[in-house]
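One file, input33.cif, carrying mmCIF, N, CA and C atoms:
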```cif
data_my_file
loop_
_atom_site.label_atom_id
_atom_site.label_comp_id
_atom_site.auth_asym_id
_atom_site.auth_seq_id
_atom_site.Cartn_x
_atom_site.Cartn_y
_atom_site.Cartn_z
N MET A 1 -13.05 31.31 165.73
CA MET A 1 -11.70 30.89 166.10
C MET A 1 -10.69 31.72 165.32
N ASN A 2 -9.47 31.68 165.73
CA ASN A 2 -8.36 32.41 165.11
C ASN A 2 -8.11 31.90 163.69
N ARG A 3 -8.03 32.81 162.72
CA ARG A 3 -7.84 32.44 161.30
C ARG A 3 -6.51 31.70 161.10
N LYS A 4 -5.44 32.17 161.78
CA LYS A 4 -4.14 31.51 161.65
C LYS A 4 -4.20 30.08 162.18
N ALA A 5 -4.90 29.89 163.28
CA ALA A 5 -5.02 28.54 163.85
C ALA A 5 -5.76 27.63 162.87
N CYS A 6 -6.79 28.17 162.21
CA CYS A 6 -7.54 27.38 161.23
C CYS A 6 -6.67 27.03 160.02
N ASP A 7 -5.86 28.00 159.57
CA ASP A 7 -4.95 27.73 158.45
C ASP A 7 -3.93 26.66 158.84
N ASP A 8 -3.41 26.76 160.06
CA ASP A 8 -2.46 25.74 160.54
C ASP A 8 -3.12 24.37 160.60
N PHE A 9 -4.38 24.34 161.04
CA PHE A 9 -5.12 23.08 161.12
C PHE A 9 -5.23 22.44 159.73
N ARG A 10 -5.55 23.25 158.74
CA ARG A 10 -5.72 22.71 157.37
C ARG A 10 -4.39 22.22 156.81
N LYS A 11 -3.31 22.90 157.14
CA LYS A 11 -1.99 22.43 156.71
C LYS A 11 -1.65 21.11 157.39
N LEU A 12 -1.97 21.02 158.68
CA LEU A 12 -1.74 19.75 159.38
C LEU A 12 -2.59 18.64 158.77
N HIS A 13 -3.81 18.98 158.38
CA HIS A 13 -4.68 17.98 157.76
C HIS A 13 -4.08 17.47 156.45
N GLU A 14 -3.52 18.37 155.65
CA GLU A 14 -2.87 17.95 154.40
C GLU A 14 -1.70 17.03 154.68
N ARG A 15 -0.90 17.38 155.70
CA ARG A 15 0.23 16.53 156.06
C ARG A 15 -0.24 15.18 156.57
N GLN A 16 -1.37 15.18 157.29
CA GLN A 16 -1.90 13.93 157.84
C GLN A 16 -2.36 13.00 156.72
N GLU A 17 -2.85 13.57 155.63
CA GLU A 17 -3.28 12.74 154.50
C GLU A 17 -2.09 12.06 153.83
N GLU A 18 -0.91 12.66 153.94
CA GLU A 18 0.30 12.08 153.35
C GLU A 18 0.92 11.02 154.25
N GLY A 19 0.67 11.11 155.54
CA GLY A 19 1.25 10.15 156.47
C GLY A 19 0.96 10.58 157.89
N PRO A 20 1.30 9.74 158.86
CA PRO A 20 1.00 10.08 160.26
C PRO A 20 1.77 11.31 160.72
N LEU A 21 1.11 12.09 161.57
CA LEU A 21 1.72 13.29 162.14
C LEU A 21 2.55 12.92 163.35
N ARG A 22 3.49 13.81 163.69
CA ARG A 22 4.22 13.63 164.94
C ARG A 22 3.23 13.79 166.10
N ARG A 23 3.58 13.27 167.25
CA ARG A 23 2.67 13.27 168.39
C ARG A 23 2.22 14.69 168.75
N ARG A 24 3.14 15.64 168.78
CA ARG A 24 2.78 17.02 169.14
C ARG A 24 1.84 17.63 168.10
N ASP A 25 2.12 17.41 166.81
CA ASP A 25 1.26 17.94 165.75
C ASP A 25 -0.13 17.29 165.80
N GLN A 26 -0.16 15.99 166.07
CA GLN A 26 -1.45 15.29 166.17
C GLN A 26 -2.26 15.84 167.33
N GLN A 27 -1.59 16.17 168.43
CA GLN A 27 -2.28 16.73 169.59
C GLN A 27 -2.86 18.11 169.25
N ARG A 28 -2.07 18.97 168.57
CA ARG A 28 -2.57 20.29 168.14
C ARG A 28 -3.76 20.13 167.19
N TYR A 29 -3.66 19.17 166.28
CA TYR A 29 -4.73 18.90 165.31
C TYR A 29 -6.03 18.53 166.04
N ASP A 30 -5.92 17.57 166.96
CA ASP A 30 -7.11 17.11 167.69
C ASP A 30 -7.71 18.21 168.56
N GLU A 31 -6.85 18.98 169.25
CA GLU A 31 -7.35 20.06 170.10
C GLU A 31 -8.10 21.11 169.28
N HIS A 32 -7.54 21.48 168.14
CA HIS A 32 -8.20 22.49 167.31
C HIS A 32 -9.52 21.96 166.76
N LEU A 33 -9.53 20.71 166.37
CA LEU A 33 -10.77 20.12 165.84
C LEU A 33 -11.87 20.10 166.90
N ASN A 34 -11.51 19.86 168.16
CA ASN A 34 -12.50 19.85 169.25
C ASN A 34 -12.97 21.26 169.60
N GLU A 35 -12.11 22.26 169.44
CA GLU A 35 -12.44 23.63 169.84
C GLU A 35 -13.10 24.45 168.74
N CYS A 36 -12.83 24.16 167.48
CA CYS A 36 -13.28 25.01 166.37
C CYS A 36 -14.40 24.32 165.59
N GLY A 37 -15.60 24.84 165.73
CA GLY A 37 -16.74 24.27 165.02
C GLY A 37 -16.64 24.47 163.52
N GLU A 38 -16.06 25.61 163.10
CA GLU A 38 -15.93 25.89 161.66
C GLU A 38 -15.04 24.85 160.98
N CYS A 39 -13.91 24.51 161.61
CA CYS A 39 -13.01 23.51 161.03
C CYS A 39 -13.62 22.11 161.09
N ALA A 40 -14.40 21.84 162.15
CA ALA A 40 -15.08 20.55 162.23
C ALA A 40 -16.08 20.41 161.08
N GLU A 41 -16.82 21.50 160.77
CA GLU A 41 -17.75 21.47 159.64
C GLU A 41 -17.00 21.32 158.32
N TRP A 42 -15.89 22.04 158.20
CA TRP A 42 -15.08 21.94 156.97
C TRP A 42 -14.61 20.51 156.74
N LEU A 43 -14.12 19.87 157.82
CA LEU A 43 -13.62 18.51 157.71
C LEU A 43 -14.75 17.54 157.37
N GLU A 44 -15.91 17.74 157.99
CA GLU A 44 -17.05 16.86 157.71
C GLU A 44 -17.50 17.01 156.26
N SER A 45 -17.58 18.25 155.76
CA SER A 45 -18.00 18.45 154.37
C SER A 45 -16.97 17.86 153.40
N ARG A 46 -15.72 17.94 153.79
CA ARG A 46 -14.66 17.35 152.95
C ARG A 46 -14.82 15.83 152.89
N HIS A 47 -15.06 15.22 154.03
CA HIS A 47 -15.25 13.76 154.06
C HIS A 47 -16.49 13.37 153.26
N ASN A 48 -17.57 14.15 153.40
CA ASN A 48 -18.79 13.85 152.65
C ASN A 48 -18.56 13.97 151.14
N SER A 49 -17.83 14.99 150.73
CA SER A 49 -17.54 15.18 149.30
C SER A 49 -16.74 14.01 148.76
N LEU A 50 -15.72 13.59 149.50
CA LEU A 50 -14.91 12.46 149.05
C LEU A 50 -15.73 11.17 149.01
N PHE A 51 -16.62 11.01 149.98
CA PHE A 51 -17.48 9.83 150.01
C PHE A 51 -18.38 9.81 148.77
N CYS A 52 -18.96 10.96 148.43
CA CYS A 52 -19.83 11.04 147.25
C CYS A 52 -19.05 10.75 145.97
N LEU A 53 -17.84 11.25 145.90
CA LEU A 53 -17.03 10.99 144.70
C LEU A 53 -16.73 9.51 144.55
N ARG A 54 -16.51 8.85 145.66
CA ARG A 54 -16.23 7.41 145.59
C ARG A 54 -17.48 6.64 145.16
N LEU A 55 -18.65 7.11 145.57
CA LEU A 55 -19.89 6.44 145.17
C LEU A 55 -20.15 6.61 143.68
N VAL A 56 -19.84 7.80 143.17
CA VAL A 56 -20.13 8.11 141.78
C VAL A 56 -19.12 7.46 140.84
N LYS A 57 -18.04 7.03 141.37
CA LYS A 57 -16.98 6.43 140.56
C LYS A 57 -17.57 5.38 139.63
N SER A 58 -17.36 5.58 138.37
CA SER A 58 -17.89 4.60 137.41
C SER A 58 -16.72 3.94 136.70
N GLU A 59 -16.95 2.72 136.37
CA GLU A 59 -15.92 1.98 135.65
C GLU A 59 -16.39 1.78 134.23
N VAL A 60 -15.61 2.27 133.30
CA VAL A 60 -15.94 2.14 131.89
C VAL A 60 -15.08 1.03 131.32
N GLU A 61 -15.74 0.10 130.70
CA GLU A 61 -15.03 -1.00 130.07
C GLU A 61 -14.65 -0.59 128.65
N PRO A 62 -13.40 -0.76 128.27
CA PRO A 62 -13.01 -0.44 126.90
C PRO A 62 -13.63 -1.44 125.92
N SER A 63 -13.78 -0.99 124.69
CA SER A 63 -14.37 -1.87 123.68
C SER A 63 -13.45 -3.05 123.40
N GLU A 64 -14.00 -4.05 122.77
CA GLU A 64 -13.24 -5.26 122.48
C GLU A 64 -12.11 -4.93 121.49
N GLY A 65 -10.92 -5.40 121.77
CA GLY A 65 -9.78 -5.16 120.90
C GLY A 65 -9.10 -3.81 121.11
N PHE A 66 -9.57 -3.04 122.08
CA PHE A 66 -9.00 -1.71 122.31
C PHE A 66 -7.51 -1.80 122.66
N SER A 67 -7.15 -2.69 123.54
CA SER A 67 -5.75 -2.81 123.97
C SER A 67 -4.84 -3.14 122.80
N GLU A 68 -5.27 -4.06 121.95
CA GLU A 68 -4.44 -4.45 120.81
C GLU A 68 -4.28 -3.28 119.83
N ARG A 69 -5.38 -2.56 119.57
CA ARG A 69 -5.30 -1.41 118.65
C ARG A 69 -4.38 -0.33 119.21
N LEU A 70 -4.50 -0.09 120.50
CA LEU A 70 -3.66 0.92 121.13
C LEU A 70 -2.19 0.52 121.05
N GLN A 71 -1.90 -0.74 121.32
CA GLN A 71 -0.52 -1.21 121.31
C GLN A 71 0.09 -1.12 119.91
N THR A 72 -0.65 -1.51 118.88
CA THR A 72 -0.11 -1.43 117.52
C THR A 72 0.09 0.02 117.09
N LYS A 73 -0.83 0.90 117.50
CA LYS A 73 -0.69 2.31 117.15
C LYS A 73 0.54 2.91 117.83
N MET A 74 0.78 2.56 119.09
CA MET A 74 1.93 3.08 119.82
C MET A 74 3.24 2.57 119.20
N GLN A 75 3.27 1.32 118.78
CA GLN A 75 4.46 0.78 118.14
C GLN A 75 4.74 1.49 116.83
N GLY A 76 3.69 1.78 116.08
CA GLY A 76 3.84 2.50 114.82
C GLY A 76 4.38 3.90 115.03
N LEU A 77 3.94 4.57 116.09
CA LEU A 77 4.44 5.92 116.39
C LEU A 77 5.93 5.90 116.69
N GLY A 78 6.36 4.90 117.43
CA GLY A 78 7.78 4.80 117.76
C GLY A 78 8.63 4.62 116.52
N LYS A 79 8.18 3.79 115.58
CA LYS A 79 8.92 3.58 114.34
C LYS A 79 8.95 4.84 113.50
N GLN A 80 7.83 5.57 113.45
CA GLN A 80 7.79 6.81 112.68
C GLN A 80 8.77 7.82 113.25
N ARG A 81 8.79 7.96 114.55
CA ARG A 81 9.70 8.92 115.17
C ARG A 81 11.15 8.56 114.89
N LEU A 82 11.48 7.27 115.00
CA LEU A 82 12.84 6.82 114.75
C LEU A 82 13.21 7.07 113.30
N ALA A 83 12.31 6.75 112.38
CA ALA A 83 12.58 6.96 110.96
C ALA A 83 12.75 8.44 110.66
N TYR A 84 12.03 9.29 111.33
CA TYR A 84 12.13 10.73 111.10
C TYR A 84 13.46 11.28 111.60
N TRP A 85 13.89 10.84 112.78
CA TRP A 85 15.09 11.41 113.39
C TRP A 85 16.39 10.79 112.89
N SER A 86 16.37 9.58 112.40
CA SER A 86 17.61 8.92 112.00
C SER A 86 18.42 9.72 110.98
N PRO A 87 17.85 10.18 109.86
CA PRO A 87 18.66 10.97 108.91
C PRO A 87 19.16 12.27 109.53
N ALA A 88 18.36 12.88 110.36
CA ALA A 88 18.78 14.13 110.99
C ALA A 88 19.96 13.90 111.92
N ILE A 89 19.94 12.83 112.67
CA ILE A 89 21.02 12.54 113.61
C ILE A 89 22.31 12.21 112.85
N VAL A 90 22.20 11.39 111.82
CA VAL A 90 23.38 11.04 111.03
C VAL A 90 23.96 12.28 110.36
N GLY A 91 23.11 13.10 109.79
CA GLY A 91 23.58 14.33 109.14
C GLY A 91 24.26 15.27 110.12
N ALA A 92 23.68 15.40 111.30
CA ALA A 92 24.28 16.27 112.32
C ALA A 92 25.63 15.73 112.77
N ALA A 93 25.74 14.42 112.92
CA ALA A 93 27.01 13.83 113.35
C ALA A 93 28.09 14.04 112.30
N VAL A 94 27.75 13.83 111.03
CA VAL A 94 28.72 14.02 109.96
C VAL A 94 29.16 15.48 109.89
N THR A 95 28.20 16.39 110.00
CA THR A 95 28.52 17.82 109.97
C THR A 95 29.42 18.20 111.15
N ALA A 96 29.11 17.68 112.34
CA ALA A 96 29.91 17.99 113.52
C ALA A 96 31.34 17.48 113.35
N LEU A 97 31.51 16.28 112.82
CA LEU A 97 32.86 15.75 112.60
C LEU A 97 33.63 16.59 111.59
N PHE A 98 32.94 16.99 110.52
CA PHE A 98 33.58 17.82 109.51
C PHE A 98 34.03 19.16 110.11
N LEU A 99 33.17 19.77 110.92
CA LEU A 99 33.51 21.05 111.54
C LEU A 99 34.67 20.90 112.52
N LEU A 100 34.71 19.80 113.25
CA LEU A 100 35.83 19.56 114.17
C LEU A 100 37.14 19.39 113.41
N MET A 101 37.10 18.66 112.30
CA MET A 101 38.31 18.49 111.50
C MET A 101 38.76 19.83 110.92
N LEU A 102 37.81 20.62 110.45
CA LEU A 102 38.12 21.93 109.90
C LEU A 102 38.72 22.83 110.98
N LEU A 103 38.16 22.79 112.17
CA LEU A 103 38.67 23.58 113.28
C LEU A 103 40.08 23.16 113.65
N GLN A 104 40.33 21.86 113.64
CA GLN A 104 41.66 21.35 113.98
C GLN A 104 42.69 21.81 112.95
N VAL A 105 42.33 21.75 111.70
CA VAL A 105 43.25 22.19 110.65
C VAL A 105 43.47 23.70 110.73
N ALA A 106 42.39 24.44 110.97
CA ALA A 106 42.48 25.90 110.98
C ALA A 106 43.29 26.42 112.16
N THR A 107 43.20 25.78 113.30
CA THR A 107 43.90 26.28 114.49
C THR A 107 45.30 25.70 114.62
N GLY A 108 45.65 24.73 113.83
CA GLY A 108 46.99 24.14 113.91
C GLY A 108 47.25 23.53 115.26
N THR A 109 46.53 22.48 115.60
CA THR A 109 46.65 21.88 116.92
C THR A 109 47.98 21.17 117.14
N ALA A 110 48.85 21.18 116.14
CA ALA A 110 50.16 20.58 116.32
C ALA A 110 51.10 21.54 117.04
N ALA A 111 50.59 22.66 117.54
CA ALA A 111 51.42 23.66 118.20
C ALA A 111 52.12 23.10 119.43
N ASN A 112 51.56 22.11 120.05
CA ASN A 112 52.16 21.54 121.25
C ASN A 112 52.85 20.21 120.96
N ALA A 113 53.17 19.94 119.71
CA ALA A 113 53.78 18.66 119.34
C ALA A 113 55.21 18.59 119.88
N VAL A 114 55.61 17.38 120.20
CA VAL A 114 56.97 17.15 120.70
C VAL A 114 57.62 16.12 119.79
N LYS A 115 58.84 16.40 119.36
CA LYS A 115 59.56 15.49 118.48
C LYS A 115 60.61 14.75 119.29
N ASN A 116 60.61 13.43 119.19
CA ASN A 116 61.59 12.63 119.91
C ASN A 116 62.90 12.66 119.13
N GLN A 117 63.98 13.09 119.75
CA GLN A 117 65.28 13.20 119.09
C GLN A 117 66.14 11.96 119.32
N GLY A 118 65.64 10.98 120.01
CA GLY A 118 66.46 9.81 120.31
C GLY A 118 67.28 10.05 121.56
N TYR A 119 67.84 9.04 122.13
CA TYR A 119 68.67 9.11 123.33
C TYR A 119 67.95 9.81 124.48
N GLY A 120 66.63 9.72 124.55
CA GLY A 120 65.88 10.29 125.65
C GLY A 120 65.71 11.79 125.56
N GLU A 121 66.16 12.42 124.49
CA GLU A 121 66.06 13.87 124.36
C GLU A 121 64.84 14.21 123.51
N ALA A 122 64.09 15.20 123.95
CA ALA A 122 62.92 15.62 123.18
C ALA A 122 62.96 17.13 123.02
N ARG A 123 62.51 17.59 121.90
CA ARG A 123 62.44 19.03 121.65
C ARG A 123 61.00 19.40 121.35
N ARG A 124 60.62 20.55 121.87
CA ARG A 124 59.29 21.07 121.58
C ARG A 124 59.35 21.73 120.21
N LEU A 125 58.36 21.42 119.39
CA LEU A 125 58.31 22.00 118.06
C LEU A 125 57.50 23.28 118.09
N LYS A 126 58.03 24.30 117.48
CA LYS A 126 57.33 25.58 117.41
C LYS A 126 56.61 25.64 116.07
N VAL A 127 55.32 25.90 116.12
CA VAL A 127 54.53 25.97 114.90
C VAL A 127 54.16 27.41 114.65
N VAL A 128 54.50 27.88 113.48
CA VAL A 128 54.17 29.25 113.10
C VAL A 128 52.76 29.22 112.51
N PRO A 129 51.84 30.09 112.99
CA PRO A 129 50.49 30.09 112.43
C PRO A 129 50.53 30.36 110.93
N SER A 130 49.72 29.63 110.22
CA SER A 130 49.69 29.76 108.77
C SER A 130 48.26 29.93 108.29
N PRO A 131 48.09 30.32 107.04
CA PRO A 131 46.74 30.48 106.51
C PRO A 131 45.99 29.16 106.51
N LEU A 132 44.69 29.26 106.37
CA LEU A 132 43.82 28.09 106.37
C LEU A 132 44.20 27.11 105.27
N PHE A 133 44.20 25.83 105.57
CA PHE A 133 44.46 24.71 104.67
C PHE A 133 45.92 24.60 104.24
N GLU A 134 46.83 25.27 104.88
CA GLU A 134 48.24 25.05 104.61
C GLU A 134 48.82 24.28 105.78
N THR A 135 49.73 23.37 105.51
CA THR A 135 50.34 22.56 106.55
C THR A 135 51.38 23.38 107.29
N PRO A 136 51.27 23.49 108.62
CA PRO A 136 52.28 24.25 109.37
C PRO A 136 53.63 23.54 109.35
N THR A 137 54.69 24.29 109.34
CA THR A 137 56.03 23.73 109.31
C THR A 137 56.62 23.82 110.72
N PRO A 138 56.84 22.66 111.37
CA PRO A 138 57.42 22.68 112.71
C PRO A 138 58.91 23.03 112.66
N THR A 139 59.35 23.80 113.62
CA THR A 139 60.78 24.13 113.74
C THR A 139 61.22 23.79 115.15
N PRO A 140 62.39 23.18 115.32
CA PRO A 140 62.85 22.80 116.66
C PRO A 140 63.16 24.03 117.50
N THR A 141 62.90 23.93 118.80
CA THR A 141 63.22 24.99 119.75
C THR A 141 64.10 24.41 120.83
N ASP A 142 64.23 25.10 121.92
CA ASP A 142 65.07 24.64 123.02
C ASP A 142 64.58 23.31 123.57
N PRO A 143 65.50 22.49 124.08
CA PRO A 143 65.08 21.22 124.67
C PRO A 143 64.18 21.46 125.88
N MET A 144 63.32 20.50 126.11
CA MET A 144 62.42 20.60 127.26
C MET A 144 63.20 20.35 128.53
N PRO A 145 62.90 21.08 129.58
CA PRO A 145 63.61 20.84 130.86
C PRO A 145 63.23 19.53 131.48
#
```

Same coordinates, now as structure tokens:
Amino acid sequence: MNRKACDDFRKLHERQEEGPLRRRDQQRYDEHLNECGECAEWLESRHNSLFCLRLVKSEVEPSEGFSERLQTKMQGLGKQRLAYWSPAIVGAAVTALFLLMLLQVATGTAANAVKNQGYGEARRLKVVPSPLFETPTPTPTDPMP
């Protein structure tokens, strides 16, 4: 039989294992299975292999107390991981906050500050960049439109 037709048949078979095929695909599947002896043998050997695997399936019973030991060990692992990461997380958070404060001071984020002059009038304050750790001195500029 045609190699492409056999490949298509096997793809249809995979889709069929996941769920029902559309009517047209099911018809192509059945027709190919009836016409191609090689695919019929392949399908039969596949079914036989799966049948044998199901027969060989063995059930192993866990030892007495296995579930309890496993559960206590898993709980202990969770506590160890939390204990390990807690100082690292706190340290990282403190460092991040410190760096953000340092960045804010260094860049002079008051550059866009607005001073209320009373009577509904506001003036934009102009901040002259200054060296690190010095307080910028705001100077009034033109009123905002």

Task: Distance of atom CA of A:Arg46 from atom N of A:Glu31, expressed in Å to one decimal place - done: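 Interatomic distance here is 18.1 Å.
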
TODO: Go ahead and compute the interatomic distance for atom N of A:Pro87 and atom CA of A:Gln104, in Å to one decimal.
DONE: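 Distance reported for this atom pair: 26.6 Å.
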
Open item on the list: Please report the interatomic distance between atom C of A:Asn34 and atom C of A:Leu12 in Å with one decimal.
Closed with: 15.2 Å

Task: Close residues, A:Glu38 itself excluded, 8 Å, all atoms listed in the file, min 5 positions apart in chain, as a ChimeraX atom specification - done: /A:1,6,33,43-44

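Considering only C-alpha atoms, the residue among A:Arg15, A:Asp25, A:Ala88, A:Glu35 positioned nearest to A:Asn2 is A:Glu35.
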